[in-house]
Amino acid sequence: MATIDSQGRLHGKAGSVVYRVFRGTQVAQGPTRPFRQTHASKESACEFGLASTSAKAIRQAFSPVHQNRHDKGVVNRFNSVVYRAIRASSKERGGRDIHDARLDLLEGFEFNVRSPFFRALLVKPEVGLNEKRQVRVRIPEIDVKQDIRAGAFAQNREGGRYQIKFVLTGFNFREEFYEFIGVKEVLIAKPGAQRVPAQELVFEGEVPKGCFLLLAASFSYQ
């Protein structure tokens, strides 16, 4: 039964309607009803939880790259990307994990959409495998004045240098570990440097059995 307070506002249940006051405003709502999950919805929730756990571990592994300078929405954005990659697997739901995922869907993900890598460095590194099945990164020639957009904070500072960093990491979620395979850096002195010759970086570190590899890059001014 609903009651009326001294200000004429209703509280409680009257028929199928529940009355309450929220932040000084009278609110009427229907009664809550139990929600029964289907087997499919339970599997979907479990898989999203798996994706979120995997995404968190990857973000933590690449903290030397983004240095916690990511945007505020990075958690939800990356969770969604990893979940979408897992769902794109050819395996059935309930029997798949990130090792079965379409990892190419993670390509180009930005940890900070407010300061994306591709806007700071206009040349695009090319990633592939050499004849020894080692990961290699080819960086085209860089025209410092034309190909670097570091912003006024860097342009107006004396000395310092630009740094391009690549971190290759192997992940094995089934054995619950990840391992750094290697770190490569390209340092560009400022001022003075006009052009940086094209170069190839090769990661020669041994990859543990059962791992998949992810490569992250950052561009910074020191």
# chains A, B, ... in the order shown; residues from 1 in each chain; ligands from 1

$ residues_around --residues "A:Ser52" --least-positions-apart "2" --cutoff "8 Å" --atoms "only C-alpha atoms" --output "number ranges by chain"
A: 48-50, 54-56, 79, 82-83

$ closest_atom_pairs --of "stretch 160-211 of chain A" --to "stretch 93-116 of chain A" --cutoff "10 Å" --atoms "only C-alpha atoms" --output "CSV"
residue,atom,partner,partner_atom,distance
A:Phe171,CA,A:His99,CA,9.0
A:Asn172,CA,A:His99,CA,8.0
A:Phe173,CA,A:His99,CA,7.7
A:Arg174,CA,A:His99,CA,8.3
A:Gly210,CA,A:His99,CA,9.2
A:Cys211,CA,A:His99,CA,8.5

$ atom_distance --atom1 "atom CA of A:Pro140" --atom2 "atom CA of A:Leu168"
19.5 Å

$ atom_distance --atom1 "atom CA of A:Gln194" --atom2 "atom CA of A:Asp143"
6.1 Å

$ atom_distance --atom1 "atom CA of A:Val123" --atom2 "atom CA of A:Tyr178"
29.8 Å

$ select_by_dssp --residues "stretch 32-205 of chain A" --states "strand (DSSP E)" --output "PyMOL selection string"
chain A and resi 126-129+135-139+142-143+161-172+177-189+195-196+199-202

$ select_by_dssp --residues "stretch 38-191 of chain A" --states "alpha helix (DSSP H)" --output "PyMOL selection string"
chain A and resi 39-61+63-66+74-87+117-120+144-147+152-155

$ write_last_selection --atoms "N, CA and C atoms" --output "short mmCIF file (atom, residue, chain, number, x, y, z; two decimals), in the first residue's frame"
data_model
loop_
_atom_site.label_atom_id
_atom_site.label_comp_id
_atom_site.auth_asym_id
_atom_site.auth_seq_id
_atom_site.Cartn_x
_atom_site.Cartn_y
_atom_site.Cartn_z
N HIS A 39 20.94 -20.19 -21.84
CA HIS A 39 22.28 -20.77 -21.94
C HIS A 39 23.15 -19.93 -22.86
N ALA A 40 22.57 -19.41 -23.94
CA ALA A 40 23.33 -18.60 -24.89
C ALA A 40 23.79 -17.29 -24.26
N SER A 41 22.91 -16.66 -23.46
CA SER A 41 23.28 -15.39 -22.84
C SER A 41 24.36 -15.60 -21.78
N LYS A 42 24.32 -16.74 -21.07
CA LYS A 42 25.35 -17.05 -20.10
C LYS A 42 26.70 -17.25 -20.79
N GLU A 43 26.69 -17.96 -21.93
CA GLU A 43 27.93 -18.18 -22.67
C GLU A 43 28.49 -16.86 -23.17
N SER A 44 27.59 -15.98 -23.65
CA SER A 44 28.01 -14.69 -24.17
C SER A 44 28.64 -13.85 -23.06
N ALA A 45 28.03 -13.84 -21.87
CA ALA A 45 28.56 -13.08 -20.74
C ALA A 45 29.91 -13.63 -20.32
N CYS A 46 30.04 -14.95 -20.31
CA CYS A 46 31.31 -15.59 -19.94
C CYS A 46 32.40 -15.22 -20.94
N GLU A 47 32.06 -15.21 -22.21
CA GLU A 47 33.04 -14.90 -23.25
C GLU A 47 33.48 -13.44 -23.18
N PHE A 48 32.53 -12.54 -22.88
CA PHE A 48 32.90 -11.14 -22.74
C PHE A 48 33.83 -10.96 -21.54
N GLY A 49 33.58 -11.70 -20.46
CA GLY A 49 34.47 -11.64 -19.31
C GLY A 49 35.86 -12.13 -19.66
N LEU A 50 35.94 -13.18 -20.47
CA LEU A 50 37.22 -13.71 -20.94
C LEU A 50 37.96 -12.66 -21.77
N ALA A 51 37.21 -11.99 -22.65
CA ALA A 51 37.80 -10.95 -23.49
C ALA A 51 38.33 -9.80 -22.63
N SER A 52 37.57 -9.40 -21.62
CA SER A 52 37.97 -8.29 -20.76
C SER A 52 39.24 -8.63 -19.98
N THR A 53 39.32 -9.87 -19.48
CA THR A 53 40.51 -10.30 -18.74
C THR A 53 41.74 -10.32 -19.65
N SER A 54 41.56 -10.81 -20.87
CA SER A 54 42.66 -10.85 -21.82
C SER A 54 43.10 -9.44 -22.19
N ALA A 55 42.13 -8.57 -22.43
CA ALA A 55 42.44 -7.19 -22.81
C ALA A 55 43.22 -6.48 -21.71
N LYS A 56 42.84 -6.72 -20.46
CA LYS A 56 43.53 -6.08 -19.33
C LYS A 56 44.99 -6.52 -19.27
N ALA A 57 45.24 -7.81 -19.46
CA ALA A 57 46.61 -8.33 -19.42
C ALA A 57 47.45 -7.72 -20.55
N ILE A 58 46.86 -7.57 -21.72
CA ILE A 58 47.60 -6.98 -22.85
C ILE A 58 47.92 -5.52 -22.57
N ARG A 59 46.95 -4.78 -22.04
CA ARG A 59 47.20 -3.38 -21.71
C ARG A 59 48.32 -3.25 -20.70
N GLN A 60 48.31 -4.12 -19.69
CA GLN A 60 49.36 -4.08 -18.67
C GLN A 60 50.72 -4.43 -19.26
N ALA A 61 50.75 -5.39 -20.16
CA ALA A 61 52.01 -5.80 -20.78
C ALA A 61 52.62 -4.66 -21.59
N SER A 63 52.31 -1.45 -20.98
CA SER A 63 52.45 -0.20 -20.23
C SER A 63 53.77 0.52 -20.50
N PRO A 64 54.89 -0.20 -20.82
CA PRO A 64 56.11 0.53 -21.20
C PRO A 64 55.94 1.33 -22.48
N VAL A 65 54.93 1.00 -23.28
CA VAL A 65 54.70 1.71 -24.53
C VAL A 65 53.80 2.93 -24.30
N HIS A 66 52.62 2.70 -23.74
CA HIS A 66 51.70 3.84 -23.56
C HIS A 66 51.98 4.63 -22.30
N VAL A 74 39.96 4.08 -22.91
CA VAL A 74 40.74 3.00 -23.52
C VAL A 74 40.29 1.62 -23.05
N VAL A 75 39.86 1.50 -21.79
CA VAL A 75 39.46 0.19 -21.26
C VAL A 75 38.28 -0.37 -22.05
N ASN A 76 37.22 0.40 -22.16
CA ASN A 76 36.04 -0.07 -22.89
C ASN A 76 36.33 -0.27 -24.37
N ARG A 77 37.12 0.62 -24.95
CA ARG A 77 37.44 0.50 -26.37
C ARG A 77 38.22 -0.78 -26.65
N PHE A 78 39.22 -1.05 -25.81
CA PHE A 78 40.05 -2.23 -26.07
C PHE A 78 39.31 -3.52 -25.73
N ASN A 79 38.49 -3.50 -24.67
CA ASN A 79 37.66 -4.66 -24.36
C ASN A 79 36.78 -5.02 -25.56
N SER A 80 36.19 -4.02 -26.17
CA SER A 80 35.30 -4.24 -27.30
C SER A 80 36.05 -4.81 -28.50
N VAL A 81 37.24 -4.30 -28.76
CA VAL A 81 38.03 -4.79 -29.90
C VAL A 81 38.43 -6.25 -29.70
N VAL A 82 38.89 -6.59 -28.49
CA VAL A 82 39.30 -7.97 -28.21
C VAL A 82 38.09 -8.91 -28.28
N TYR A 83 36.97 -8.46 -27.74
CA TYR A 83 35.74 -9.27 -27.78
C TYR A 83 35.31 -9.51 -29.23
N ARG A 84 35.37 -8.47 -30.05
CA ARG A 84 35.00 -8.62 -31.46
C ARG A 84 35.95 -9.59 -32.17
N ALA A 85 37.24 -9.54 -31.83
CA ALA A 85 38.22 -10.44 -32.44
C ALA A 85 37.93 -11.89 -32.07
N ILE A 86 37.55 -12.13 -30.81
CA ILE A 86 37.23 -13.49 -30.39
C ILE A 86 35.96 -13.99 -31.07
N ARG A 87 34.98 -13.12 -31.16
CA ARG A 87 33.71 -13.51 -31.80
C ARG A 87 33.89 -13.79 -33.29
N PHE A 117 49.33 7.68 -32.90
CA PHE A 117 50.67 7.46 -33.45
C PHE A 117 50.75 7.95 -34.89
N PHE A 118 49.73 7.64 -35.69
CA PHE A 118 49.81 7.93 -37.12
C PHE A 118 49.76 9.43 -37.42
N ARG A 119 49.32 10.23 -36.48
CA ARG A 119 49.30 11.69 -36.69
C ARG A 119 50.63 12.33 -36.31
N ALA A 120 51.37 11.69 -35.40
CA ALA A 120 52.67 12.23 -34.99
C ALA A 120 53.76 11.86 -35.98
N VAL A 144 62.50 14.82 -41.31
CA VAL A 144 62.13 15.29 -39.97
C VAL A 144 61.15 16.45 -40.01
N LYS A 145 61.36 17.39 -40.93
CA LYS A 145 60.49 18.56 -40.99
C LYS A 145 59.11 18.22 -41.57
N GLN A 146 59.06 17.30 -42.53
CA GLN A 146 57.81 17.01 -43.21
C GLN A 146 57.02 15.85 -42.58
N ASP A 147 57.73 14.87 -42.02
CA ASP A 147 57.08 13.62 -41.59
C ASP A 147 56.81 13.53 -40.10
N ALA A 152 53.60 21.90 -30.92
CA ALA A 152 54.38 23.08 -30.55
C ALA A 152 55.24 22.83 -29.31
N PHE A 153 54.79 21.95 -28.41
CA PHE A 153 55.54 21.72 -27.17
C PHE A 153 56.94 21.19 -27.47
N ALA A 154 57.07 20.41 -28.54
CA ALA A 154 58.37 19.87 -28.91
C ALA A 154 59.12 20.83 -29.83
N GLN A 155 58.39 21.45 -30.76
CA GLN A 155 59.04 22.32 -31.73
C GLN A 155 59.74 23.50 -31.05
#

$ closest_residue --among "A:Val183, A:Phe203, A:Val167, A:Phe219" --to "A:Leu122" --atoms "only C-alpha atoms"
A:Phe219

$ closest_residue --among "A:Ala88, A:Leu187, A:Val202, A:Val196" --to "A:Asn130" --atoms "only C-alpha atoms"
A:Val202
